[in-house]
>>> print(open('target-v7.txt').read())   # compact mmCIF, C-alpha atoms
# COMPACT_ATOMS: atom_id res chain seq x y z
CA MET V 1 148.98 228.62 35.41
CA LEU V 2 147.96 232.21 34.74
CA HIS V 3 144.42 233.15 33.83
CA VAL V 4 143.83 236.68 32.53
CA ASN V 5 140.49 238.27 31.72
CA ILE V 6 140.60 242.05 31.54
CA HIS V 7 137.93 244.60 30.65
CA LYS V 8 138.98 248.20 30.87
CA GLN V 9 137.79 251.42 29.30
CA LEU V 10 140.83 253.24 27.87
CA ALA V 11 140.97 256.69 26.28
CA HIS V 12 140.13 255.60 22.73
CA TYR V 13 138.67 252.13 23.02
CA GLU V 14 137.47 249.47 25.41
CA MET V 15 139.95 246.73 26.16
CA ALA V 16 138.65 243.18 26.34
CA ILE V 17 141.33 240.52 26.62
CA GLN V 18 141.22 236.93 27.74
CA PHE V 19 143.93 234.27 27.72
CA GLU V 20 145.37 231.45 29.80
CA MET V 21 148.93 230.31 29.90
CA GLY V 22 151.24 227.83 31.60
CA ALA V 23 155.01 227.91 32.01
CA GLU V 24 155.55 229.13 28.47
CA ILE V 25 156.72 232.29 26.76
CA LEU V 26 153.77 234.30 25.55
CA VAL V 27 154.56 237.26 23.32
CA LEU V 28 152.16 240.18 22.98
CA VAL V 29 152.60 241.98 19.68
CA GLY V 30 150.80 245.09 18.52
CA PRO V 31 151.19 248.72 17.49
CA SER V 32 151.83 251.44 20.07
CA GLY V 33 148.74 252.14 22.13
CA SER V 34 147.18 248.73 21.49
CA GLY V 35 147.08 248.01 25.23
CA LYS V 36 150.12 245.74 25.65
CA THR V 37 151.63 247.55 28.62
CA THR V 38 148.18 247.95 30.23
CA ILE V 39 147.88 244.16 30.24
CA LEU V 40 151.26 243.81 31.99
CA ASN V 41 150.41 246.59 34.46
CA SER V 42 147.06 244.96 35.24
CA ILE V 43 148.73 241.63 35.97
CA ALA V 44 151.38 243.37 38.11
CA GLY V 45 148.71 245.35 40.00
CA LEU V 46 149.96 248.78 38.97
CA VAL V 47 146.63 249.55 37.31
CA HIS V 48 143.31 247.78 37.83
CA PRO V 49 140.83 246.58 35.21
CA ASP V 50 137.23 247.84 35.39
CA SER V 51 136.13 244.24 35.58
CA GLY V 52 137.49 240.75 34.95
CA LEU V 53 139.54 238.10 36.69
CA ILE V 54 143.29 237.58 37.05
CA VAL V 55 144.40 234.40 38.81
CA SER V 56 147.91 233.02 39.14
CA ASN V 57 148.45 229.58 40.68
CA LYS V 58 145.20 229.79 42.65
CA HIS V 59 146.03 233.28 43.95
CA THR V 60 143.36 235.74 42.88
CA PHE V 61 145.13 238.98 41.90
CA PHE V 62 141.97 240.65 40.69
CA ASP V 63 138.30 239.82 40.78
CA THR V 64 135.63 242.40 39.94
CA ASP V 65 133.84 241.99 43.28
CA GLN V 66 136.90 241.83 45.50
CA LYS V 67 139.54 244.27 46.64
CA PRO V 68 142.52 243.84 44.28
CA MET V 69 145.61 242.19 45.73
CA PRO V 70 148.31 244.92 46.16
CA ALA V 71 151.22 244.82 43.69
CA ARG V 72 153.65 244.05 46.53
CA ASP V 73 151.91 240.75 47.38
CA ARG V 74 151.65 239.36 43.85
CA GLN V 75 155.15 237.94 43.48
CA ILE V 76 155.57 239.28 39.99
CA GLY V 77 158.88 239.87 38.26
CA TYR V 78 158.62 242.93 36.02
CA LEU V 79 161.31 244.07 33.64
CA PHE V 80 160.29 247.57 32.64
CA GLN V 81 161.07 249.24 29.36
CA ASP V 82 164.46 250.95 29.94
CA TYR V 83 164.70 248.66 32.99
CA ALA V 84 163.86 251.24 35.71
CA LEU V 85 167.01 250.41 37.69
CA PHE V 86 167.36 252.50 40.85
CA PRO V 87 170.03 255.03 39.87
CA HIS V 88 171.18 255.71 43.44
CA MET V 89 171.86 252.07 44.28
CA THR V 90 174.63 249.77 43.15
CA VAL V 91 173.84 246.80 40.94
CA GLU V 92 174.06 244.56 44.01
CA LYS V 93 171.58 246.66 45.98
CA ASN V 94 169.27 246.80 42.98
CA ILE V 95 169.24 243.01 42.74
CA LEU V 96 168.82 242.43 46.48
CA TYR V 97 166.10 245.09 46.87
CA GLY V 98 163.23 242.65 46.58
CA VAL V 99 164.87 239.79 48.51
CA LYS V 100 163.47 239.68 52.03
CA LYS V 101 166.16 240.08 54.70
CA ASN V 102 165.37 236.81 56.48
CA ASN V 103 165.45 234.99 53.12
CA ARG V 104 168.82 236.35 52.06
CA LYS V 105 170.78 233.31 53.19
CA ASP V 106 168.42 230.88 51.43
CA SER V 107 168.44 233.00 48.30
CA GLU V 108 172.22 233.32 48.13
CA GLU V 109 172.72 230.20 46.02
CA MET V 110 169.93 231.08 43.61
CA ILE V 111 171.22 234.63 43.20
CA ALA V 112 174.77 233.40 42.66
CA GLN V 113 173.48 231.14 39.91
CA LEU V 114 171.48 233.99 38.41
CA LEU V 115 174.53 236.27 38.36
CA HIS V 116 176.58 233.49 36.81
CA VAL V 117 174.05 232.68 34.09
CA LEU V 118 173.73 236.35 33.22
CA GLY V 119 177.47 237.00 33.54
CA ILE V 120 177.14 240.09 35.71
CA GLU V 121 179.14 239.11 38.81
CA HIS V 122 181.76 241.74 38.00
CA LEU V 123 179.19 244.56 37.98
CA LEU V 124 177.93 244.24 41.54
CA HIS V 125 179.61 247.36 42.90
CA LYS V 126 178.89 249.58 39.92
CA TYR V 127 176.03 252.05 39.59
CA PRO V 128 173.50 251.69 36.75
CA HIS V 129 174.92 254.69 34.86
CA GLN V 130 178.32 252.98 34.82
CA VAL V 131 177.17 249.88 32.91
CA SER V 132 176.22 249.40 29.23
CA GLY V 133 172.71 248.96 27.82
CA GLY V 134 173.02 245.18 27.50
CA GLU V 135 174.39 244.92 31.03
CA LYS V 136 171.53 247.03 32.35
CA GLN V 137 169.09 244.66 30.72
CA ARG V 138 170.77 241.70 32.44
CA VAL V 139 170.80 243.49 35.78
CA GLY V 140 167.09 244.24 35.33
CA LEU V 141 166.43 240.58 34.59
CA ALA V 142 168.45 239.44 37.59
CA ARG V 143 166.55 241.91 39.80
CA ALA V 144 163.18 240.72 38.51
CA LEU V 145 164.06 237.05 39.01
CA ALA V 146 165.82 237.44 42.38
CA THR V 147 162.44 237.65 44.15
CA CYS V 148 161.52 234.16 42.85
CA PRO V 149 158.45 235.43 40.98
CA SER V 150 155.62 233.21 39.84
CA VAL V 151 155.29 235.16 36.58
CA LEU V 152 157.83 237.30 34.69
CA LEU V 153 156.61 240.30 32.72
CA LEU V 154 158.93 241.91 30.19
CA ASP V 155 157.96 245.21 28.58
CA GLU V 156 159.92 245.68 25.36
CA PRO V 157 162.97 244.31 27.12
CA LEU V 158 165.31 244.53 24.16
CA SER V 159 164.16 247.66 22.35
CA ALA V 160 167.03 249.83 23.60
CA LEU V 161 169.75 247.43 22.46
CA ASP V 162 171.75 247.20 19.23
CA LYS V 163 171.18 244.27 16.87
CA GLU V 164 174.05 242.09 18.09
CA THR V 165 173.38 242.56 21.82
CA ARG V 166 169.71 242.04 21.14
CA LYS V 167 170.32 238.60 19.66
CA GLN V 168 172.50 237.62 22.63
CA CYS V 169 169.85 238.78 25.06
CA GLN V 170 167.11 236.87 23.24
CA ASP V 171 169.20 233.72 23.67
CA GLU V 172 169.64 234.55 27.33
CA LEU V 173 165.92 234.99 27.83
CA LEU V 174 165.25 231.59 26.29
CA ARG V 175 167.92 230.02 28.48
CA LEU V 176 166.53 231.66 31.61
CA HIS V 177 163.08 230.39 30.75
CA GLU V 178 164.46 226.88 30.45
CA ILE V 179 165.90 227.19 33.96
CA TRP V 180 163.07 229.03 35.71
CA LYS V 181 160.08 227.40 34.03
CA ILE V 182 157.52 230.06 34.92
CA PRO V 183 155.16 231.98 32.64
CA PHE V 184 157.02 234.76 30.75
CA ILE V 185 154.95 237.45 29.06
CA VAL V 186 157.00 239.50 26.63
CA VAL V 187 155.73 242.69 24.99
CA THR V 188 157.30 243.72 21.71
CA HIS V 189 156.44 245.30 18.42
CA ASP V 190 159.21 243.47 16.60
CA LEU V 191 157.74 240.48 14.74
CA ASP V 192 161.09 238.70 14.27
CA GLU V 193 161.71 238.92 17.98
CA ALA V 194 158.22 237.64 18.72
CA GLU V 195 158.74 234.62 16.51
CA ARG V 196 162.15 233.91 17.94
CA LEU V 197 161.07 234.11 21.59
CA GLY V 198 157.47 233.03 21.80
CA ASN V 199 155.87 229.64 22.27
CA ARG V 200 152.72 231.57 21.60
CA ILE V 201 152.12 234.92 19.99
CA ILE V 202 149.06 237.07 20.58
CA TYR V 203 148.45 239.92 18.14
CA LEU V 204 146.64 242.90 19.63
CA ASP V 205 144.95 245.93 18.17
CA LYS V 206 142.88 248.52 20.03
CA GLY V 207 142.57 246.34 23.09
CA GLN V 208 141.35 243.22 21.28
CA ILE V 209 143.08 239.96 20.36
CA ILE V 210 143.03 239.89 16.56
CA ASP V 211 145.11 236.77 16.00
CA GLU V 212 146.94 234.05 17.92
CA GLN V 213 149.71 231.70 16.81
CA LYS V 214 151.16 228.72 18.60
CA LYS V 215 154.59 227.41 17.83
CA ARG V 216 154.78 223.65 17.64
CA GLN V 217 158.38 223.55 18.65
CA LEU V 218 160.54 226.01 20.48
CA MET V 219 163.14 227.35 18.13
CA THR V 220 166.53 226.06 19.24
CA VAL V 221 169.03 228.82 19.44
CA TYR V 222 171.99 227.27 21.13
CA MET A 1 180.41 297.32 69.33
CA LEU A 2 181.90 296.22 72.62
CA GLU A 3 178.55 295.73 74.24
CA MET A 4 177.03 294.06 71.23
CA ASP A 5 173.95 291.99 72.03
CA TYR A 6 174.02 288.81 70.00
CA SER A 7 170.58 287.61 71.00
CA PRO A 8 169.04 288.58 67.59
CA LEU A 9 171.39 286.09 65.90
CA ILE A 10 170.54 283.28 68.31
CA LEU A 11 166.82 284.05 68.14
CA SER A 12 166.82 284.29 64.33
CA LEU A 13 168.59 280.94 64.02
CA LYS A 14 166.22 279.36 66.54
CA VAL A 15 163.10 280.71 64.81
CA ALA A 16 164.32 279.76 61.32
CA ALA A 17 165.44 276.28 62.41
CA ILE A 18 162.20 275.41 64.21
CA SER A 19 160.02 276.79 61.42
CA THR A 20 162.09 274.97 58.75
CA PHE A 21 161.71 271.72 60.69
CA PHE A 22 157.90 271.94 60.59
CA VAL A 23 157.76 273.35 57.07
CA PHE A 24 159.96 270.54 55.77
CA ILE A 25 157.91 267.72 57.28
CA VAL A 26 154.50 269.18 56.43
CA GLY A 27 155.61 270.48 53.01
CA VAL A 28 157.08 267.12 51.97
CA MET A 29 154.04 265.20 53.21
CA ILE A 30 151.50 267.42 51.46
CA ALA A 31 153.52 267.70 48.24
CA TYR A 32 153.95 263.91 48.04
CA TYR A 33 150.29 263.30 48.74
CA LEU A 34 149.16 265.80 46.11
CA ALA A 35 151.77 264.77 43.51
CA LYS A 36 150.17 261.34 43.30
CA ARG A 37 146.59 262.58 43.04
CA ASP A 38 144.43 264.57 40.71
CA PHE A 39 141.10 265.85 41.95
CA PHE A 40 138.67 268.67 41.47
CA GLY A 41 139.94 271.77 43.26
CA LYS A 42 143.60 270.71 43.38
CA SER A 43 144.68 273.85 41.50
CA ILE A 44 142.75 276.03 43.94
CA LEU A 45 144.37 274.28 46.90
CA GLU A 46 147.83 274.71 45.38
CA ALA A 47 147.13 278.38 44.66
CA LEU A 48 146.18 278.79 48.33
CA PHE A 49 149.47 277.19 49.44
CA LEU A 50 151.46 279.54 47.23
CA LEU A 51 149.48 282.66 48.14
CA PRO A 52 151.83 283.89 50.93
CA LEU A 53 154.53 284.12 48.25
CA VAL A 54 152.75 286.91 46.41
CA LEU A 55 150.87 288.65 49.23
CA PRO A 56 152.38 291.64 51.03
CA PRO A 57 153.80 290.46 54.39
CA THR A 58 151.41 292.83 56.14
CA VAL A 59 148.45 290.95 54.68
CA VAL A 60 149.89 287.65 55.92
CA GLY A 61 150.51 289.29 59.30
CA PHE A 62 146.95 290.60 59.38
CA GLY A 63 145.61 287.10 58.61
CA LEU A 64 147.73 285.64 61.38
CA LEU A 65 146.48 288.25 63.84
CA VAL A 66 142.90 287.37 62.94
CA LEU A 67 143.73 283.74 63.70
CA PHE A 68 146.18 283.98 66.59
CA GLY A 69 145.50 287.41 68.14
CA LYS A 70 144.07 287.63 71.67
CA LYS A 71 140.60 287.87 70.15
CA GLY A 72 141.47 285.69 67.16
CA TRP A 73 139.77 282.40 66.33
CA ILE A 74 142.59 280.21 67.60
CA GLY A 75 144.26 282.80 69.85
CA SER A 76 141.18 283.36 72.05
CA TRP A 77 140.71 279.60 72.41
CA LEU A 78 144.36 279.09 73.41
CA LEU A 79 144.10 281.93 75.92
CA GLU A 80 140.90 280.63 77.44
CA TRP A 81 141.88 276.96 77.72
CA PHE A 82 145.62 277.06 78.22
CA ASP A 83 146.24 280.63 79.32
CA PHE A 84 148.68 280.74 76.43
CA GLN A 85 149.35 283.71 74.21
CA ILE A 86 151.08 283.70 70.82
CA VAL A 87 151.22 287.40 70.01
CA PHE A 88 154.38 289.16 71.24
CA THR A 89 156.24 285.85 71.76
CA TRP A 90 158.97 284.15 69.75
CA ILE A 91 156.45 281.41 68.91
CA GLY A 92 154.57 284.07 66.96
CA ALA A 93 157.76 284.68 64.99
CA VAL A 94 157.99 280.93 64.30
CA ILE A 95 154.38 280.83 63.05
CA ALA A 96 154.92 283.85 60.80
CA SER A 97 158.07 282.23 59.47
CA ILE A 98 156.27 278.93 58.82
CA VAL A 99 153.53 280.62 56.82
CA VAL A 100 155.84 282.66 54.59
CA SER A 101 158.37 279.89 53.96
CA PHE A 102 155.88 277.06 53.36
CA PRO A 103 155.24 277.99 49.70
CA LEU A 104 158.95 277.71 48.91
CA MET A 105 159.21 274.27 50.47
CA TYR A 106 155.97 273.09 48.88
CA GLN A 107 156.97 274.30 45.43
CA SER A 108 160.42 272.70 45.55
CA ALA A 109 159.07 269.40 46.92
CA ALA A 110 156.20 269.24 44.42
CA ALA A 111 158.61 269.85 41.52
CA ALA A 112 161.01 267.22 42.88
CA PHE A 113 158.28 264.58 43.26
CA GLU A 114 156.67 265.29 39.92
CA SER A 115 159.96 264.93 38.08
CA LEU A 116 160.50 261.43 39.52
CA ASP A 117 160.00 258.49 37.20
CA GLU A 118 156.94 256.66 38.55
CA ARG A 119 158.27 253.40 37.08
CA LEU A 120 161.00 253.35 39.73
CA SER A 121 158.39 253.34 42.51
CA ASN A 122 156.36 250.78 40.59
CA ALA A 123 159.42 248.56 40.17
CA ALA A 124 159.90 248.68 43.95
CA ARG A 125 156.22 247.82 44.51
CA THR A 126 156.41 244.77 42.24
CA MET A 127 159.41 243.67 44.31
CA GLY A 128 157.27 243.57 47.43
CA ALA A 129 158.02 247.00 48.89
CA SER A 130 155.40 248.68 51.09
CA GLU A 131 154.46 252.32 50.39
CA TRP A 132 156.65 253.42 53.33
CA ARG A 133 159.63 251.53 51.96
CA VAL A 134 159.02 252.94 48.47
CA PHE A 135 159.00 256.44 49.96
CA PHE A 136 162.08 256.15 52.14
CA THR A 137 164.28 254.06 49.85
CA ILE A 138 163.31 255.34 46.39
CA VAL A 139 161.30 258.56 46.40
CA PHE A 140 163.05 260.44 49.20
CA PRO A 141 166.67 259.80 48.17
CA LEU A 142 165.94 260.59 44.52
CA ALA A 143 163.98 263.74 45.35
CA TRP A 144 166.58 264.84 47.92
CA PRO A 145 168.36 267.44 45.72
CA GLY A 146 165.03 269.24 45.17
CA LEU A 147 164.00 268.79 48.80
CA LEU A 148 167.31 270.20 50.01
CA ALA A 149 166.89 273.23 47.78
CA GLY A 150 163.46 273.78 49.34
CA LEU A 151 164.89 273.27 52.83
CA VAL A 152 167.61 275.85 52.34
CA LEU A 153 165.27 278.35 50.68
CA SER A 154 162.79 277.95 53.55
CA PHE A 155 165.51 278.44 56.13
CA ALA A 156 166.80 281.56 54.37
CA ARG A 157 163.25 282.91 54.04
CA GLY A 158 162.59 282.22 57.72
CA LEU A 159 165.79 284.00 58.65
CA GLY A 160 164.83 287.08 56.66
CA GLU A 161 161.16 287.26 57.65
CA PHE A 162 160.13 290.73 58.80
CA GLY A 163 156.65 292.03 57.93
CA ALA A 164 154.40 289.27 59.22
CA THR A 165 156.67 288.74 62.25
CA LEU A 166 156.42 292.40 63.18
CA MET A 167 152.64 292.22 63.09
CA LEU A 168 152.32 288.99 65.05
CA ALA A 169 155.33 288.94 67.37
CA GLY A 170 156.09 292.66 67.56
CA TYR A 171 159.49 294.03 68.62
CA ILE A 172 160.39 293.13 72.16
CA PRO A 173 164.17 293.31 72.73
CA GLY A 174 165.48 290.01 74.06
CA LYS A 175 162.22 288.27 73.25
CA THR A 176 161.18 288.78 69.65
CA ASP A 177 164.02 290.81 68.13
CA THR A 178 165.15 288.73 65.17
CA ILE A 179 167.93 290.14 62.95
CA PRO A 180 165.62 291.85 60.40
CA MET A 181 163.74 293.38 63.33
CA ALA A 182 166.98 294.52 64.98
CA ILE A 183 168.07 296.18 61.70
CA TYR A 184 164.81 298.09 61.30
CA PHE A 185 164.72 299.40 64.85
CA ALA A 186 168.46 300.18 64.90
CA VAL A 187 168.00 302.37 61.81
CA GLU A 188 164.91 303.97 63.29
CA SER A 189 166.80 304.92 66.45
CA GLY A 190 169.80 306.14 64.45
CA GLN A 191 172.19 303.32 65.43
CA MET A 192 173.63 302.91 61.94
CA GLY A 193 176.69 300.95 63.13
CA LYS A 194 174.54 298.31 64.76
CA ALA A 195 172.28 298.14 61.69
CA THR A 196 175.29 297.75 59.37
CA PHE A 197 176.63 294.92 61.51
CA TRP A 198 173.41 292.90 61.27
CA VAL A 199 173.01 293.72 57.56
CA LEU A 200 176.48 292.31 56.90
CA ILE A 201 175.79 289.21 58.99
CA ILE A 202 172.59 288.42 57.12
CA ILE A 203 174.17 289.07 53.69
CA ILE A 204 177.11 286.78 54.48
CA PHE A 205 174.74 284.10 55.76
CA GLY A 206 172.44 284.24 52.74
CA PHE A 207 175.31 284.35 50.29
CA SER A 208 177.09 281.37 51.87
CA LEU A 209 173.87 279.34 51.85
CA ILE A 210 173.21 279.96 48.15
CA LEU A 211 176.84 279.30 47.29
CA TRP A 212 176.80 276.01 49.20
CA VAL A 213 173.51 274.79 47.69
CA ASN A 214 174.69 275.57 44.15
CA TRP A 215 177.98 273.80 44.74
CA TRP A 216 176.26 270.79 46.30
CA SER A 217 173.68 270.55 43.52
CA LYS A 218 176.29 270.62 40.78
CA ARG A 219 178.16 267.84 42.53
CA ASN A 220 175.25 265.57 43.30
CA ILE A 221 172.27 266.12 41.03
CA ARG A 222 173.86 264.44 38.04
CA ARG A 223 174.55 261.29 40.04
CA PHE A 224 171.02 261.16 41.39
CA THR A 225 169.15 261.84 38.18
CA ARG A 226 171.06 259.85 35.60
CA ILE A 227 169.91 256.33 34.97
>>> encode(input="target-v7.txt", output="structure tokens")
Amino acid sequence: MLHVNIHKQLAHYEMAIQFEMGAEILVLVGPSGSGKTTILNSIAGLVHPDSGLIVSNKHTFFDTDQKPMPARDRQIGYLFQDYALFPHMTVEKNILYGVKKNNRKDSEEMIAQLLHVLGIEHLLHKYPHQVSGGEKQRVGLARALATCPSVLLLDEPLSALDKETRKQCQDELLRLHEIWKIPFIVVTHDLDEAERLGNRIIYLDKGQIIDEQKKRQLMTVY
Amino acid sequence: MLEMDYSPLILSLKVAAISTFFVFIVGVMIAYYLAKRDFFGKSILEALFLLPLVLPPTVVGFGLLVLFGKKGWIGSWLLEWFDFQIVFTWIGAVIASIVVSFPLMYQSAAAAFESLDERLSNAARTMGASEWRVFFTIVFPLAWPGLLAGLVLSFARGLGEFGATLMLAGYIPGKTDTIPMAIYFAVESGQMGKATFWVLIIIIFGFSLILWVNWWSKRNIRRFTRI
């Protein structure tokens, strides 16, 4: 369960957002500058709200009166726009970066499954600049999930991909969600994508929720 | 030539290496700290750091004498408490070298850190990395081409330092005679052969350094900066 209540003064407006979610896919849709990425960054601990409350599975990430929990302790998986893969590390090192050394043995099976589901076993020794856009996206996903996060944040994860790869990756995201069963928050400004991926869609404008839709049934794609 | 004294070469290398060591550590630390922060007076502070780059070396030397001279603010204190003197010693040459080469290191490091994509550090943080780990595994390796350029420039600047060194360390053969100093005093005493020898040495050294850095950058920067 993730509870988010954020108040933050931004350059052109004041953001006031509140929502709760379980192990579902929540899609945030809105025009550029509507505050989507700020919400993800606040949950991840990369920026802090002026006031509010962010709680994930009884762990308080942020509370107005307390010192915010550092990003490194929040157990968040974050797939950045353009993936932010470390260019000087191989795919394997990228994926293992967040896996604690004494946990490596225990994580081996999970990571092997992750690589298999995403079909990137053959890329392990390549560098990010040697793999295609779709492959980078999968590597980014594998890296974000390898730390066993309690929440997965995806900032326009598919915007850099062509139409065909995009559809494949949407299917993959849905499949991964089926396996991992944690809250996924996806940011996009593509309405079709939002409808295809989301159990719930929140429409944002100038830091406010202007509409919310729930899907009765998850669209079956495979 | 037969009785050539090579001590200026050894001393120059020693002074430049020690000063580059300090300049690198302090320059990288300050540049990283400031790159991540914005505060009132930051521009003034940065202008102060870069000042030795545009000031005549004699002005820098004068400032250092005011600080480290026998009656200087720090110099008198060192003399009184530790019976230690900086003027007319090779340590004075190191200090002069540090002050004049610091701006080059700071500028290169600041540019290298500012050009880094902050999302890479943030990605590492969300994966549980401490600030130290972020610095040593992400920031430092990715900024390395820029840091190396600063390192080499600082070393070359330290090797060629003359004006401020002359004012602080003076010219004492066998003690504070770095190559630039040896050239000046060889010319002054009419020993043109000796001066030419040191001039050639320093040109070859500088040229090789620049050549190597350019070659290295071309080979490595693309790999480090492409995502």
>>> closest_atom_pairs(input="target-v7.txt", of="chain V", to="chain A", cutoff="8 Å", atoms="all atoms listed in the file", output="Markdown table")
| residue | atom | partner | partner_atom | distance |
| --- | --- | --- | --- | --- |
| V:Ala44 | CA | A:Thr126 | CA | 6.7 |
| V:Leu46 | CA | A:Asn122 | CA | 6.9 |
| V:Ala71 | CA | A:Thr126 | CA | 5.4 |
| V:Arg72 | CA | A:Gly128 | CA | 3.8 |
| V:Asp73 | CA | A:Gly128 | CA | 6.1 |
| V:Arg74 | CA | A:Thr126 | CA | 7.4 |
| V:Gln75 | CA | A:Thr126 | CA | 7.1 |
| V:Ile76 | CA | A:Thr126 | CA | 6.0 |
| V:Gly77 | CA | A:Thr126 | CA | 6.8 |
| V:Tyr78 | CA | A:Thr126 | CA | 6.9 |
| V:Phe80 | CA | A:Arg119 | CA | 7.6 |
| V:Ala84 | CA | A:Leu120 | CA | 5.4 |
| V:Leu85 | CA | A:Leu120 | CA | 7.0 |
| V:Phe86 | CA | A:Leu120 | CA | 6.5 |
| V:Pro87 | CA | A:Ile227 | CA | 5.1 |
| V:His88 | CA | A:Phe224 | CA | 5.8 |
| V:Tyr97 | CA | A:Met127 | CA | 7.3 |
| V:Gly98 | CA | A:Met127 | CA | 4.6 |
| V:Val99 | CA | A:Met127 | CA | 7.9 |
| V:Pro128 | CA | A:Ile227 | CA | 6.1 |
| V:His129 | CA | A:Ile227 | CA | 5.3 |
| V:Ala144 | CA | A:Met127 | CA | 7.5 |
| V:Thr147 | CA | A:Met127 | CA | 6.7 |
>>> residues_around(input="target-v7.txt", residues="Thr60 (chain V)", least_positions_apart="6", cutoff="8 Å", atoms="only C-alpha atoms", output="CSV table (one decimal) with C-alpha atoms, keeping the file's coordinate frame")
chain,number,residue,atom,x,y,z
V,53,LEU,CA,139.5,238.1,36.7
V,54,ILE,CA,143.3,237.6,37.0
V,69,MET,CA,145.6,242.2,45.7
>>> atom_distance(input="target-v7.txt", atom1="CA of Leu40 (chain V)", atom2="CA of Arg200 (chain V)")
16.1 Å
>>> residues_near_point(input="target-v7.txt", point="(158.7, 271.2, 52.1)", cutoff="7 Å", atoms="all atoms listed in the file", output="number ranges by chain")
A: 23-28, 102, 105-106, 108-109, 147, 150-151
>>> closest_residue(input="target-v7.txt", among="A:Tyr184, A:Phe140, A:Phe162, A:Phe205", to="Ala112 (chain A)", atoms="only C-alpha atoms")
A:Phe140
>>> closest_residue(input="target-v7.txt", among="A:Leu55, A:Val152, A:Ala93, A:Leu45", to="Tyr171 (chain A)", atoms="all atoms listed in the file")
A:Ala93
>>> atom_distance(input="target-v7.txt", atom1="CA of Val134 (chain A)", atom2="CA of Val47 (chain V)")
17.0 Å
>>> residues_near_point(input="target-v7.txt", point="(171.0, 236.9, 17.9)", cutoff="12 Å", atoms="all atoms listed in the file", output="list in words")
Leu158, Leu161, Asp162, Lys163, Glu164, Thr165, Arg166, Lys167, Gln168, Cys169, Gln170, Asp171, Glu172, Leu173, Leu174, Asp192, Glu193, Arg196, Leu197, Thr220, Val221 and Tyr222 of chain V
>>> closest_residue(input="target-v7.txt", among="V:Lys58, V:Ile202, V:Thr90, V:Pro70", to="Val131 (chain V)", atoms="all atoms listed in the file")
V:Thr90
>>> residues_around(input="target-v7.txt", residues="Trp90 (chain A)", least_positions_apart="4", cutoff="12 Å", atoms="only C-alpha atoms", output="count of residues only")
29
>>> residues_around(input="target-v7.txt", residues="Gln137 (chain V)", least_positions_apart="6", cutoff="8 Å", atoms="only C-alpha atoms", output="count of residues only")
4
>>> atom_distance(input="target-v7.txt", atom1="CA of Val4 (chain V)", atom2="CA of Ala160 (chain V)")
28.1 Å
>>> residues_around(input="target-v7.txt", residues="Leu28 (chain V)", least_positions_apart="6", cutoff="12 Å", atoms="all atoms listed in the file", output="count of residues only")
40
>>> residues_around(input="target-v7.txt", residues="Tyr32 (chain A)", least_positions_apart="6", cutoff="9 Å", atoms="only C-alpha atoms", output="number ranges by chain")
A: 109-110, 113-114
>>> closest_residue(input="target-v7.txt", among="V:Tyr127, V:Val151, V:Ile179, V:His59", to="Met110 (chain V)", atoms="all atoms listed in the file")
V:Ile179
>>> axis_aligned_box(input="target-v7.txt", around="region 111-115 of chain A", padding_each_side="5 Å", output="JSON")
{"center_x": 158.8, "center_y": 267.2, "center_z": 40.7, "size_x": 14.3, "size_y": 15.3, "size_z": 15.2}
>>> closest_residue(input="target-v7.txt", among="A:Gly193, A:Gly158, A:Gln107, A:Ile183", to="Ala47 (chain A)", atoms="only C-alpha atoms")
A:Gln107
